[in-house]
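J.: Input file: structure.cif. Contents: mmCIF, C-alpha atoms.
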```
data_query
loop_
_atom_site.label_atom_id
_atom_site.label_comp_id
_atom_site.auth_asym_id
_atom_site.auth_seq_id
_atom_site.Cartn_x
_atom_site.Cartn_y
_atom_site.Cartn_z
CA MET A 1 -33.67 -11.59 -12.89
CA SER A 2 -31.30 -11.00 -9.97
CA TRP A 3 -30.77 -7.47 -8.70
CA PRO A 4 -28.96 -5.46 -9.83
CA PRO A 5 -29.22 -6.60 -13.47
CA LEU A 6 -25.47 -7.10 -13.85
CA ARG A 7 -24.01 -8.94 -16.83
CA GLU A 8 -23.95 -12.60 -15.89
CA GLU A 9 -20.21 -13.01 -16.52
CA LEU A 10 -19.52 -10.26 -13.96
CA ARG A 11 -21.51 -11.73 -11.09
CA GLY A 12 -19.47 -12.65 -8.04
CA ILE A 13 -16.27 -11.02 -9.32
CA GLU A 14 -14.29 -8.98 -6.82
CA PRO A 15 -13.10 -5.56 -8.06
CA TYR A 16 -9.40 -5.31 -8.92
CA GLY A 17 -7.17 -3.68 -6.36
CA ALA A 18 -4.21 -4.18 -4.08
CA PRO A 19 -4.84 -3.91 -0.32
CA GLN A 20 -4.98 -0.28 0.80
CA LEU A 21 -3.92 0.24 4.40
CA SER A 22 -3.16 3.38 6.38
CA LEU A 23 0.36 4.32 7.35
CA GLU A 24 -0.63 3.52 10.92
CA GLN A 25 -1.47 -0.04 9.86
CA ALA A 26 1.57 -0.43 7.60
CA PRO A 27 4.25 2.25 8.02
CA VAL A 28 6.37 0.69 5.23
CA GLN A 29 4.28 0.37 2.06
CA LEU A 30 6.02 -1.56 -0.71
CA ASN A 31 3.09 -3.18 -2.51
CA VAL A 32 2.06 -1.08 -5.53
CA ASN A 33 5.39 -0.10 -7.11
CA GLU A 34 5.11 3.59 -6.34
CA ASN A 35 8.09 5.91 -6.54
CA PRO A 36 8.92 6.64 -2.88
CA TYR A 37 10.35 10.09 -3.65
CA GLY A 38 7.86 12.91 -4.01
CA PRO A 39 8.28 16.16 -5.95
CA SER A 40 10.38 19.06 -4.71
CA PRO A 41 8.81 22.27 -3.36
CA ALA A 42 9.66 24.01 -6.65
CA CYS A 43 7.88 21.31 -8.64
CA ILE A 44 4.90 21.42 -6.28
CA ASP A 45 4.66 25.19 -6.70
CA ASP A 46 4.75 24.85 -10.51
CA ILE A 47 2.06 22.15 -10.44
CA ALA A 48 -0.11 24.25 -8.11
CA SER A 49 0.28 27.30 -10.32
CA ALA A 50 -0.59 25.28 -13.43
CA ALA A 51 -3.66 23.81 -11.75
CA ALA A 52 -4.78 27.27 -10.61
CA GLU A 53 -4.41 28.64 -14.12
CA ALA A 54 -6.45 25.73 -15.48
CA ALA A 55 -9.08 26.33 -12.80
CA ALA A 56 -9.76 29.77 -14.23
CA THR A 57 -10.99 28.15 -17.44
CA LEU A 58 -13.04 25.29 -16.00
CA ASN A 59 -16.22 26.80 -17.41
CA ARG A 60 -14.89 25.75 -20.83
CA TYR A 61 -14.18 22.27 -22.14
CA PRO A 62 -10.50 21.30 -22.27
CA ASP A 63 -8.52 20.88 -25.46
CA ARG A 64 -9.99 17.67 -26.80
CA GLU A 65 -6.78 16.87 -28.70
CA PHE A 66 -4.47 17.90 -25.81
CA VAL A 67 -2.04 19.27 -28.40
CA ALA A 68 0.47 20.85 -26.01
CA LEU A 69 0.64 17.70 -23.90
CA ARG A 70 1.18 15.48 -26.93
CA GLU A 71 3.98 17.75 -28.09
CA ALA A 72 5.66 17.53 -24.69
CA LEU A 73 5.24 13.76 -24.46
CA ALA A 74 6.64 13.32 -27.98
CA ALA A 75 9.71 15.34 -27.04
CA TYR A 76 10.19 13.25 -23.90
CA LEU A 77 9.82 9.92 -25.72
CA SER A 78 12.20 11.01 -28.49
CA ARG A 79 15.05 10.64 -26.01
CA ASP A 80 14.61 6.84 -26.15
CA THR A 81 14.78 6.40 -29.91
CA PRO A 82 17.15 7.63 -32.62
CA HIS A 83 14.18 8.07 -34.94
CA GLY A 84 12.30 10.62 -32.85
CA ILE A 85 8.59 10.71 -32.02
CA VAL A 86 6.13 13.27 -33.43
CA PRO A 87 2.91 14.40 -31.72
CA ALA A 88 0.72 12.57 -34.26
CA GLN A 89 2.16 9.32 -32.92
CA VAL A 90 1.19 10.07 -29.31
CA TRP A 91 -2.01 9.40 -27.42
CA ALA A 92 -2.76 9.85 -23.71
CA ALA A 93 -5.50 8.97 -21.25
CA ASN A 94 -6.25 8.71 -17.55
CA GLY A 95 -3.52 6.28 -16.62
CA SER A 96 -2.11 3.51 -18.79
CA ASN A 97 -5.12 1.47 -17.65
CA GLU A 98 -7.43 3.67 -19.71
CA VAL A 99 -4.96 3.61 -22.60
CA MET A 100 -5.09 -0.20 -22.57
CA LEU A 101 -8.86 -0.27 -22.28
CA GLN A 102 -9.19 2.09 -25.25
CA LEU A 103 -6.88 -0.17 -27.28
CA LEU A 104 -9.09 -3.17 -26.49
CA GLN A 105 -12.21 -1.15 -27.27
CA ALA A 106 -10.80 -0.18 -30.64
CA PHE A 107 -9.07 -3.39 -31.67
CA GLY A 108 -10.70 -6.10 -29.55
CA GLY A 109 -14.37 -6.91 -29.08
CA PRO A 110 -16.75 -9.80 -29.82
CA GLY A 111 -15.25 -12.36 -32.16
CA ARG A 112 -11.72 -11.10 -31.54
CA THR A 113 -8.91 -12.45 -29.35
CA ALA A 114 -6.31 -10.90 -27.05
CA VAL A 115 -3.17 -12.86 -26.15
CA SER A 116 -0.52 -12.52 -23.48
CA PHE A 117 1.88 -14.84 -21.68
CA ALA A 118 1.47 -15.68 -18.00
CA PRO A 119 2.48 -14.73 -15.44
CA THR A 120 1.63 -11.22 -16.53
CA TYR A 121 -0.27 -8.13 -15.41
CA SER A 122 -3.51 -9.23 -13.80
CA MET A 123 -5.55 -6.40 -15.35
CA TYR A 124 -5.04 -7.63 -18.93
CA PRO A 125 -7.74 -10.32 -18.78
CA GLU A 126 -10.05 -7.75 -17.19
CA TYR A 127 -9.60 -5.37 -20.13
CA ALA A 128 -10.49 -8.28 -22.40
CA ARG A 129 -13.52 -9.23 -20.29
CA ASP A 130 -14.80 -5.66 -20.15
CA THR A 131 -14.64 -5.36 -23.95
CA SER A 132 -16.05 -8.85 -24.64
CA THR A 133 -12.75 -9.88 -26.16
CA ARG A 134 -11.74 -13.54 -25.98
CA TRP A 135 -8.73 -13.98 -23.69
CA VAL A 136 -5.92 -16.49 -24.26
CA ALA A 137 -2.83 -16.72 -22.06
CA GLY A 138 0.23 -18.66 -23.08
CA ARG A 139 2.95 -19.58 -20.61
CA ARG A 140 6.37 -18.12 -19.98
CA ALA A 141 9.46 -20.25 -19.48
CA GLU A 142 10.63 -21.28 -16.02
CA ASP A 143 12.87 -18.19 -15.79
CA PHE A 144 9.90 -16.00 -16.90
CA SER A 145 11.41 -15.26 -20.31
CA LEU A 146 9.40 -15.90 -23.47
CA ASP A 147 9.78 -19.17 -25.34
CA LEU A 148 9.72 -17.52 -28.77
CA ASP A 149 8.90 -20.70 -30.68
CA ALA A 150 5.94 -21.40 -28.39
CA ALA A 151 4.85 -17.75 -28.50
CA ARG A 152 4.92 -17.67 -32.29
CA ALA A 153 3.00 -20.96 -32.46
CA LEU A 154 0.30 -19.58 -30.15
CA ILE A 155 -0.06 -16.42 -32.25
CA GLU A 156 -0.27 -18.44 -35.44
CA ALA A 157 -2.94 -20.67 -33.90
CA GLU A 158 -5.06 -17.96 -32.23
CA ARG A 159 -4.65 -15.14 -34.79
CA PRO A 160 -5.09 -12.43 -32.12
CA SER A 161 -6.22 -8.89 -32.76
CA VAL A 162 -4.20 -7.68 -29.76
CA VAL A 163 -1.02 -9.07 -28.18
CA LEU A 164 -0.10 -7.61 -24.78
CA LEU A 165 3.59 -7.77 -23.85
CA PRO A 166 4.70 -5.91 -20.72
CA SER A 167 8.42 -5.09 -20.72
CA PRO A 168 9.53 -5.09 -17.98
CA ASN A 169 6.89 -7.67 -17.16
CA ASN A 170 4.65 -7.25 -14.14
CA PRO A 171 4.89 -9.09 -11.74
CA THR A 172 8.24 -10.66 -12.69
CA GLY A 173 10.27 -7.61 -13.77
CA THR A 174 11.54 -9.41 -16.87
CA ALA A 175 12.39 -7.29 -19.93
CA LEU A 176 11.91 -8.37 -23.55
CA GLU A 177 14.79 -8.65 -25.98
CA PRO A 178 14.37 -6.59 -29.17
CA ALA A 179 14.48 -9.82 -31.16
CA ALA A 180 11.40 -11.02 -29.30
CA VAL A 181 9.47 -7.83 -30.10
CA ASP A 182 10.51 -8.05 -33.74
CA LEU A 183 9.49 -11.69 -34.07
CA LEU A 184 6.12 -11.24 -32.39
CA CYS A 185 5.27 -8.12 -34.40
CA ARG A 186 6.00 -10.00 -37.61
CA ALA A 187 4.14 -13.12 -36.48
CA THR A 188 1.07 -11.11 -35.43
CA ALA A 189 1.01 -9.17 -38.71
CA ALA A 190 1.28 -12.40 -40.70
CA ALA A 191 -1.38 -14.16 -38.62
CA GLY A 192 -4.12 -11.65 -39.33
CA GLY A 193 -2.85 -8.12 -38.91
CA GLY A 194 -3.29 -7.56 -35.17
CA ILE A 195 -1.44 -5.03 -33.02
CA VAL A 196 1.35 -5.77 -30.52
CA VAL A 197 1.33 -3.63 -27.38
CA VAL A 198 4.63 -3.42 -25.50
CA ASP A 199 3.69 -2.07 -22.10
CA GLU A 200 6.67 -0.11 -20.77
CA ALA A 201 5.06 1.15 -17.56
CA TYR A 202 8.39 0.46 -15.83
CA GLY A 203 10.55 1.20 -18.86
CA GLU A 204 12.59 3.98 -17.27
CA PHE A 205 13.91 1.52 -14.66
CA ARG A 206 15.44 -0.89 -17.17
CA ARG A 207 19.12 -1.71 -16.74
CA ALA A 208 21.81 -0.08 -18.86
CA GLY A 209 21.96 -1.59 -22.32
CA VAL A 210 18.33 -2.73 -22.36
CA PRO A 211 16.69 -0.75 -25.21
CA SER A 212 13.14 0.58 -25.40
CA ALA A 213 10.79 -0.84 -28.00
CA LEU A 214 10.25 2.77 -29.14
CA ALA A 215 13.27 2.38 -31.41
CA MET A 216 11.40 -0.30 -33.38
CA LEU A 217 8.32 1.76 -34.26
CA PRO A 218 9.51 2.63 -37.80
CA GLU A 219 9.90 -1.08 -38.57
CA HIS A 220 6.46 -2.22 -37.41
CA ARG A 221 3.27 -0.28 -38.05
CA ASN A 222 1.41 -2.71 -35.75
CA LEU A 223 3.65 -1.91 -32.75
CA VAL A 224 2.29 0.17 -29.85
CA VAL A 225 4.50 1.23 -26.92
CA THR A 226 2.75 2.41 -23.77
CA ARG A 227 4.18 4.37 -20.84
CA THR A 228 2.89 5.98 -17.65
CA MET A 229 3.75 8.90 -15.40
CA SER A 230 2.78 6.84 -12.34
CA LYS A 231 6.11 5.12 -11.71
CA ALA A 232 9.39 6.77 -12.66
CA PHE A 233 7.74 10.21 -12.81
CA ALA A 234 6.42 9.83 -9.25
CA GLY A 235 2.96 10.70 -10.56
CA ALA A 236 0.77 7.82 -9.38
CA GLY A 237 -1.82 10.32 -8.16
CA LEU A 238 -1.78 12.20 -11.47
CA ARG A 239 -3.29 9.34 -13.51
CA LEU A 240 -1.66 9.99 -16.86
CA GLY A 241 -0.72 7.20 -19.25
CA TYR A 242 0.27 7.49 -22.88
CA LEU A 243 1.40 5.59 -25.97
CA ALA A 244 3.43 5.99 -29.13
CA ALA A 245 2.32 4.25 -32.32
CA ASP A 246 1.54 4.69 -35.98
CA PRO A 247 -0.71 7.79 -36.32
CA ALA A 248 -3.42 5.56 -37.79
CA ILE A 249 -3.65 3.74 -34.46
CA CYS A 250 -4.07 7.04 -32.61
CA ASP A 251 -6.80 8.01 -35.08
CA ALA A 252 -8.57 4.70 -34.43
CA ILE A 253 -8.61 5.33 -30.68
CA ARG A 254 -10.38 8.64 -31.25
CA VAL A 255 -13.44 6.63 -32.34
CA VAL A 256 -13.83 5.01 -28.89
CA ARG A 257 -12.53 7.70 -26.52
CA LEU A 258 -15.04 9.58 -24.42
CA PRO A 259 -15.46 13.29 -25.26
CA TYR A 260 -12.92 15.51 -23.52
CA HIS A 261 -11.54 12.52 -21.63
CA LEU A 262 -8.49 14.41 -20.31
CA SER A 263 -9.49 17.26 -18.02
CA ALA A 264 -7.90 20.70 -18.24
CA VAL A 265 -6.39 20.14 -14.78
CA THR A 266 -4.88 16.79 -15.76
CA GLN A 267 -3.33 18.29 -18.89
CA ALA A 268 -1.92 21.26 -16.99
CA VAL A 269 -0.47 19.17 -14.17
CA ALA A 270 1.06 16.65 -16.59
CA LEU A 271 2.71 19.47 -18.54
CA ALA A 272 4.11 20.93 -15.32
CA ALA A 273 5.49 17.53 -14.32
CA LEU A 274 7.15 17.14 -17.71
CA ARG A 275 8.83 20.53 -17.23
CA HIS A 276 10.44 19.01 -14.13
CA ALA A 277 11.35 15.69 -15.75
CA PRO A 278 15.07 15.85 -14.83
CA GLU A 279 14.20 16.27 -11.17
CA LEU A 280 11.37 13.73 -11.04
CA LEU A 281 13.45 11.15 -12.89
CA GLY A 282 16.54 12.01 -10.87
CA ARG A 283 15.92 9.24 -8.35
CA VAL A 284 15.56 6.51 -10.97
CA ASP A 285 19.27 5.71 -10.81
CA ASP A 286 19.08 5.51 -7.02
CA LEU A 287 16.15 3.11 -7.24
CA ARG A 288 18.01 0.96 -9.77
CA VAL A 289 20.97 0.69 -7.37
CA GLU A 290 18.63 -0.14 -4.50
CA ARG A 291 16.87 -2.77 -6.65
CA ASP A 292 20.10 -4.48 -7.63
CA ALA A 293 21.23 -4.52 -4.01
CA LEU A 294 17.89 -6.01 -2.99
CA VAL A 295 18.14 -8.77 -5.61
CA ALA A 296 21.64 -9.64 -4.43
CA TRP A 297 20.61 -9.67 -0.78
CA LEU A 298 17.55 -11.84 -1.36
CA ARG A 299 19.67 -14.36 -3.25
CA GLU A 300 22.25 -14.34 -0.47
CA GLN A 301 19.44 -15.29 1.91
CA GLY A 302 18.65 -18.32 -0.25
CA HIS A 303 15.56 -17.01 -2.03
CA GLU A 304 14.84 -17.35 -5.71
CA VAL A 305 14.59 -13.92 -7.37
CA ALA A 306 13.50 -13.13 -10.91
CA ASP A 307 15.86 -10.87 -12.84
CA SER A 308 14.33 -7.40 -12.66
CA ASP A 309 14.45 -4.35 -14.92
CA ALA A 310 11.66 -2.69 -12.93
CA ASN A 311 11.33 -1.01 -9.53
CA PHE A 312 10.23 -4.23 -7.84
CA CYS A 313 11.42 -7.77 -7.26
CA LEU A 314 9.55 -11.08 -7.41
CA PHE A 315 10.97 -13.56 -4.93
CA GLY A 316 10.15 -16.94 -3.39
CA ARG A 317 9.46 -19.72 -3.20
CA PHE A 318 7.23 -20.27 -0.18
CA ALA A 319 4.97 -23.18 0.67
CA ASP A 320 2.63 -20.69 2.34
CA ARG A 321 3.33 -17.28 0.87
CA HIS A 322 0.34 -15.77 2.66
CA ALA A 323 1.91 -16.63 6.01
CA VAL A 324 5.07 -14.77 4.98
CA TRP A 325 3.02 -11.84 3.64
CA GLN A 326 1.02 -11.67 6.88
CA GLY A 327 4.17 -11.97 8.96
CA LEU A 328 5.68 -8.99 7.18
CA LEU A 329 2.48 -7.01 7.65
CA ASP A 330 2.56 -7.84 11.36
CA HIS A 331 5.96 -6.13 11.35
CA GLY A 332 4.49 -3.08 9.61
CA VAL A 333 5.74 -3.91 6.10
CA LEU A 334 3.15 -4.24 3.32
CA ILE A 335 4.20 -6.04 0.12
CA ARG A 336 2.15 -7.73 -2.62
CA GLU A 337 0.84 -11.28 -2.66
CA THR A 338 0.76 -11.73 -6.43
CA GLY A 339 2.34 -13.68 -9.25
CA PRO A 340 2.76 -17.46 -9.47
CA ASP A 341 1.93 -19.55 -6.43
CA GLY A 342 4.71 -19.42 -3.90
CA TRP A 343 6.09 -16.02 -4.93
CA LEU A 344 5.80 -12.51 -3.45
CA ARG A 345 6.53 -9.10 -4.94
CA VAL A 346 8.19 -6.21 -3.14
CA SER A 347 8.51 -2.66 -4.46
CA VAL A 348 11.83 -0.85 -4.16
CA GLY A 349 11.65 1.95 -1.63
CA THR A 350 14.01 4.27 0.18
CA PRO A 351 17.11 2.82 1.89
CA GLU A 352 15.29 3.12 5.22
CA GLU A 353 12.24 1.26 3.89
CA MET A 354 14.41 -1.49 2.40
CA ALA A 355 16.27 -1.86 5.70
CA ALA A 356 12.93 -2.32 7.46
CA PHE A 357 11.89 -4.90 4.85
CA ARG A 358 15.13 -6.86 5.19
CA ALA A 359 14.90 -6.91 8.97
CA ALA A 360 11.26 -8.01 8.90
CA LEU A 361 11.81 -10.71 6.28
CA THR A 362 14.80 -12.10 8.19
CA GLU A 363 12.70 -12.43 11.31
CA VAL A 364 9.61 -13.79 9.56
CA THR A 365 11.48 -16.44 7.54
CA GLY A 366 13.38 -17.39 10.67
CA ASP A 367 10.06 -18.03 12.40
CA LEU A 368 8.46 -19.69 9.35
CA ARG A 369 11.47 -21.49 7.88
CA THR A 370 9.41 -24.62 7.36
CA HIS A 371 7.22 -22.72 4.88
CA LEU A 372 10.01 -22.68 2.30
CA THR A 373 9.54 -25.35 -0.37
CA THR A 374 13.25 -25.29 -1.23
CA PRO A 375 16.28 -25.06 1.07
CA LEU A 376 17.39 -21.56 1.99
CA ASP A 377 20.64 -22.16 0.10
CA GLY A 378 18.83 -23.20 -3.06
CA ALA A 379 18.72 -19.82 -4.74
CA ARG A 380 18.77 -19.72 -8.53
CA ALA A 381 21.83 -17.97 -9.92
#
```
Let me see the structure of the file written as structure tokens.
T.:
Amino acid sequence: MSWPPLREELRGIEPYGAPQLSLEQAPVQLNVNENPYGPSPACIDDIASAAAEAAATLNRYPDREFVALREALAAYLSRDTPHGIVPAQVWAANGSNEVMLQLLQAFGGPGRTAVSFAPTYSMYPEYARDTSTRWVAGRRAEDFSLDLDAARALIEAERPSVVLLPSPNNPTGTALEPAAVDLLCRATAAAGGGIVVVDEAYGEFRRAGVPSALAMLPEHRNLVVTRTMSKAFAGAGLRLGYLAADPAICDAIRVVRLPYHLSAVTQAVALAALRHAPELLGRVDDLRVERDALVAWLREQGHEVADSDANFCLFGRFADRHAVWQGLLDHGVLIRETGPDGWLRVSVGTPEEMAAFRAALTEVTGDLRTHLTTPLDGARA
């Protein structure tokens, strides 16, 4: 047996992760969809005080049911649905990554199938792999929307236990219509009773008039809506993700969660951040405006750009996207080489960061114009 005695299906696999470079290497970092605006001094003081108070009790285990945090998260989520959310419907973990993994641990596993529609978040197949869940990926339409007839046919054929639907989608930024969520929840229930997870990690950035799937929870007991504090809340370093669902789903997750999985410090800091929600979310509108301006500018330059309801844009198409990515990095701008072949993804930053990105991209594409597979004036409307 080879050393170490790793599971055979894991041999040779590189760990997930976007490139991490120092600010000296890349002064403008637009590759992991972070919120570029940090907390205010008042918020920092509140977080520090909350962490200090929690530190005084670190000799004791934290509240295993994180009751206060679930109450606060329920109150926050209730703003996005006329039906309200109660604490029994809420679950939280260390980032939405752990929330997703717990869902696959509880509802996936050997002999079960998880389905999504590519291009989609690259961690989804890894959650399936790590839980020995069979992975099946359908395809999105050319504009990255869902072909609902094809999606329903795939669900009817595969009878999945878990359907993963990011909205807005990562890496494309595409949001789901409520009719799509309704259809896929009904199709999944009819095909074998699986759950449908609508991943709203970027939900707060959606454009006006685009509803949250939270409003559909009373209609579908198999619907799960996940969120995170990493993006709009400017809490990427906090590592706090959460979901809203039928209380029976939350009870099922308790079976697979590790004991005391949310530390006392994490709970205290998350509660402090929620107390400052208006401030932390105050820049969301600014980032939406910056995103829409970025989409318009990229199209004016002749690039294809996917419609985005997130805090990033997917744009292309390039014959050698790595050359464009490297060219931008050589100018001190780090973006993400992800998504379908020929496309790149850029996070929305401050006006100064976006100005640096536009200047760098103009110079790089001027130098590498032959790398474009379509004419510069061939942008999709």
J.: What separation in Å, quoted to one decimal, exists between atom CA of Ile47 of chain A and atom CA of Thr226 of chain A?
T.: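 Going from atom CA of Ile47 of chain A over to atom CA of Thr226 of chain A covers 23.8 Å.
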J.: Do a neighbour search on Leu184 of chain A at 12 Å with all atoms listed in the file, toss out local chain neighbours closer than 2 positions, and write the hits as number ranges by chain.
T.: A: 115-116, 146-156, 159-160, 162-165, 176-182, 186-191, 193-198, 220, 222-223
J.: Which one is closest to Gly173 of chain A: A:Ala245, A:Val324, A:Leu314, A:Val333? Count all atoms listed in the file.
T.: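 For Gly173 of chain A, the nearest of the candidates is A:Leu314.
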J.: If you apply the PyMOL selection byres ((chain A and resi 247) around 8) to this file, what residues do you get, as a ChimeraX atom specification?
T.: /A:88-90,245-246,248-251
J.: For Pro15 of chain A, which of A:Ala75, A:Ala92, A:Glu126, A:Val67 is the closest residue, counting only C-alpha atoms?
T.: A:Glu126
J.: Tell me which of A:Arg288, A:His322, A:Arg129, A:His331 sits closest to Leu361 of chain A, counting all atoms listed in the file.
T.: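 Closest to Leu361 of chain A, using all atoms listed in the file: A:His331.
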J.: Which polymer residues, protein or nucleic acid, are no farther than 12 Å from (-12.0, -3.6, -31.0), counting only C-alpha atoms, as an mmCIF file with C-alpha atoms, in the frame of the given file?
T.:
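Produced file out-v9.cif, reproduced below:
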```cif
data_model
loop_
_atom_site.group_PDB
_atom_site.id
_atom_site.type_symbol
_atom_site.label_atom_id
_atom_site.label_comp_id
_atom_site.auth_asym_id
_atom_site.auth_seq_id
_atom_site.Cartn_x
_atom_site.Cartn_y
_atom_site.Cartn_z
ATOM 1 C CA MET A 100 -5.090 -0.200 -22.570
ATOM 2 C CA LEU A 101 -8.860 -0.270 -22.280
ATOM 3 C CA GLN A 102 -9.190 2.090 -25.250
ATOM 4 C CA LEU A 103 -6.880 -0.170 -27.280
ATOM 5 C CA LEU A 104 -9.090 -3.170 -26.490
ATOM 6 C CA GLN A 105 -12.210 -1.150 -27.270
ATOM 7 C CA ALA A 106 -10.800 -0.180 -30.640
ATOM 8 C CA PHE A 107 -9.070 -3.390 -31.670
ATOM 9 C CA GLY A 108 -10.700 -6.100 -29.550
ATOM 10 C CA GLY A 109 -14.370 -6.910 -29.080
ATOM 11 C CA PRO A 110 -16.750 -9.800 -29.820
ATOM 12 C CA GLY A 111 -15.250 -12.360 -32.160
ATOM 13 C CA ARG A 112 -11.720 -11.100 -31.540
ATOM 14 C CA THR A 113 -8.910 -12.450 -29.350
ATOM 15 C CA ALA A 114 -6.310 -10.900 -27.050
ATOM 16 C CA TYR A 127 -9.600 -5.370 -20.130
ATOM 17 C CA ALA A 128 -10.490 -8.280 -22.400
ATOM 18 C CA ASP A 130 -14.800 -5.660 -20.150
ATOM 19 C CA THR A 131 -14.640 -5.360 -23.950
ATOM 20 C CA SER A 132 -16.050 -8.850 -24.640
ATOM 21 C CA THR A 133 -12.750 -9.880 -26.160
ATOM 22 C CA ARG A 134 -11.740 -13.540 -25.980
ATOM 23 C CA PRO A 160 -5.090 -12.430 -32.120
ATOM 24 C CA SER A 161 -6.220 -8.890 -32.760
ATOM 25 C CA VAL A 162 -4.200 -7.680 -29.760
ATOM 26 C CA GLY A 194 -3.290 -7.560 -35.170
ATOM 27 C CA ILE A 195 -1.440 -5.030 -33.020
ATOM 28 C CA ILE A 249 -3.650 3.740 -34.460
ATOM 29 C CA ALA A 252 -8.570 4.700 -34.430
ATOM 30 C CA ILE A 253 -8.610 5.330 -30.680
ATOM 31 C CA VAL A 255 -13.440 6.630 -32.340
ATOM 32 C CA VAL A 256 -13.830 5.010 -28.890
#
```
J.: Box along x, y and z, 6 Å on every side, all listed atoms of segment 304-315 of chain A inside: centre and edge lengths in Å to one decimal, as AutoDock Vina command-line options.
T.:
```
--center_x 12.7 --center_y -9.2 --center_z -9.9 --size_x 18.3 --size_y 28.3 --size_z 22.0
```
J.: Restricting the calculation to all atoms listed in the file: of A:Phe66, A:Phe117, A:Tyr61, A:Tyr37, which residue gets closest to Asp286 of chain A?
T.: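 For Asp286 of chain A, the nearest of the candidates is A:Tyr37.
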J.: To verify the selection step, state as a list in words which residues the PyMOL selection byres ((chain A and resi 289) around 12) yields on this input.
T.: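 Taken over the shown coordinates, the PyMOL selection byres ((chain A and resi 289) around 12) returns Phe205, Arg206, Arg207, Ala208, Arg283, Val284, Asp285, Asp286, Leu287, Arg288, Glu290, Arg291, Asp292, Ala293, Leu294, Val295, Ala296, Ser308, Asp309, Ala310, Asn311, Phe312, Val348, Gly349, Thr350, Pro351 and Met354 of chain A.
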J.: Given the selection you just returned, output its residues as a file containing C-alpha atoms, formatted as an mmCIF file, keeping the file's coordinate frame.
T.:
```
data_model
loop_
_atom_site.group_PDB
_atom_site.id
_atom_site.type_symbol
_atom_site.label_atom_id
_atom_site.label_comp_id
_atom_site.auth_asym_id
_atom_site.auth_seq_id
_atom_site.Cartn_x
_atom_site.Cartn_y
_atom_site.Cartn_z
ATOM 1 C CA PHE A 205 13.910 1.520 -14.660
ATOM 2 C CA ARG A 206 15.440 -0.890 -17.170
ATOM 3 C CA ARG A 207 19.120 -1.710 -16.740
ATOM 4 C CA ALA A 208 21.810 -0.080 -18.860
ATOM 5 C CA ARG A 283 15.920 9.240 -8.350
ATOM 6 C CA VAL A 284 15.560 6.510 -10.970
ATOM 7 C CA ASP A 285 19.270 5.710 -10.810
ATOM 8 C CA ASP A 286 19.080 5.510 -7.020
ATOM 9 C CA LEU A 287 16.150 3.110 -7.240
ATOM 10 C CA ARG A 288 18.010 0.960 -9.770
ATOM 11 C CA GLU A 290 18.630 -0.140 -4.500
ATOM 12 C CA ARG A 291 16.870 -2.770 -6.650
ATOM 13 C CA ASP A 292 20.100 -4.480 -7.630
ATOM 14 C CA ALA A 293 21.230 -4.520 -4.010
ATOM 15 C CA LEU A 294 17.890 -6.010 -2.990
ATOM 16 C CA VAL A 295 18.140 -8.770 -5.610
ATOM 17 C CA ALA A 296 21.640 -9.640 -4.430
ATOM 18 C CA SER A 308 14.330 -7.400 -12.660
ATOM 19 C CA ASP A 309 14.450 -4.350 -14.920
ATOM 20 C CA ALA A 310 11.660 -2.690 -12.930
ATOM 21 C CA ASN A 311 11.330 -1.010 -9.530
ATOM 22 C CA PHE A 312 10.230 -4.230 -7.840
ATOM 23 C CA VAL A 348 11.830 -0.850 -4.160
ATOM 24 C CA GLY A 349 11.650 1.950 -1.630
ATOM 25 C CA THR A 350 14.010 4.270 0.180
ATOM 26 C CA PRO A 351 17.110 2.820 1.890
ATOM 27 C CA MET A 354 14.410 -1.490 2.400
#
```
J.: Excluding Arg60 of chain A and its own-chain neighbours fewer than 5 positions away, which residues fall within 12 Å of it when counting only C-alpha atoms? Please give them as a list in words.
T.: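 The residues that qualify are Ala54, Ala55, Tyr260, Ser263, Ala264 and Val265 of chain A.
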J.: Counting only C-alpha atoms, what is within 10 Å of Gly17 of chain A, bar same-chain residues fewer than 2 positions away, as a list in words?
T.: Glu14, Pro15, Pro19, Gln20, Val32, Ser122 and Met123 of chain A
J.: For Tyr202 of chain A, which of A:Leu183, A:Leu10, A:Ala232, A:Ala74 is the closest residue, counting only C-alpha atoms?
T.: A:Ala232
J.: What gap, in Å, lies between atom CA of Tyr242 of chain A and atom CA of Pro39 of chain A?
T.: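 Interatomic distance here is 20.6 Å.
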J.: Can you give me, as a PyMOL selection string, the residues this file yields under the PyMOL selection byres ((chain A and resi 93) around 10)?
T.: chain A and resi 91-92+94-102+228+239-243+257+261-263+266-267
J.: May I ask for the distance between atom CA of Met1 of chain A and atom CA of Tyr16 of chain A, given in Å to one decimal place?
T.: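 Here the two named atoms are 25.4 Å from each other.
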J.: Which residue, A:Cys185, A:Ala42, A:Ala272, A:Ala323, has the smallest gap to Val224 of chain A when you use all atoms listed in the file?
T.: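 Selected residue with least distance to Val224 of chain A: A:Cys185.
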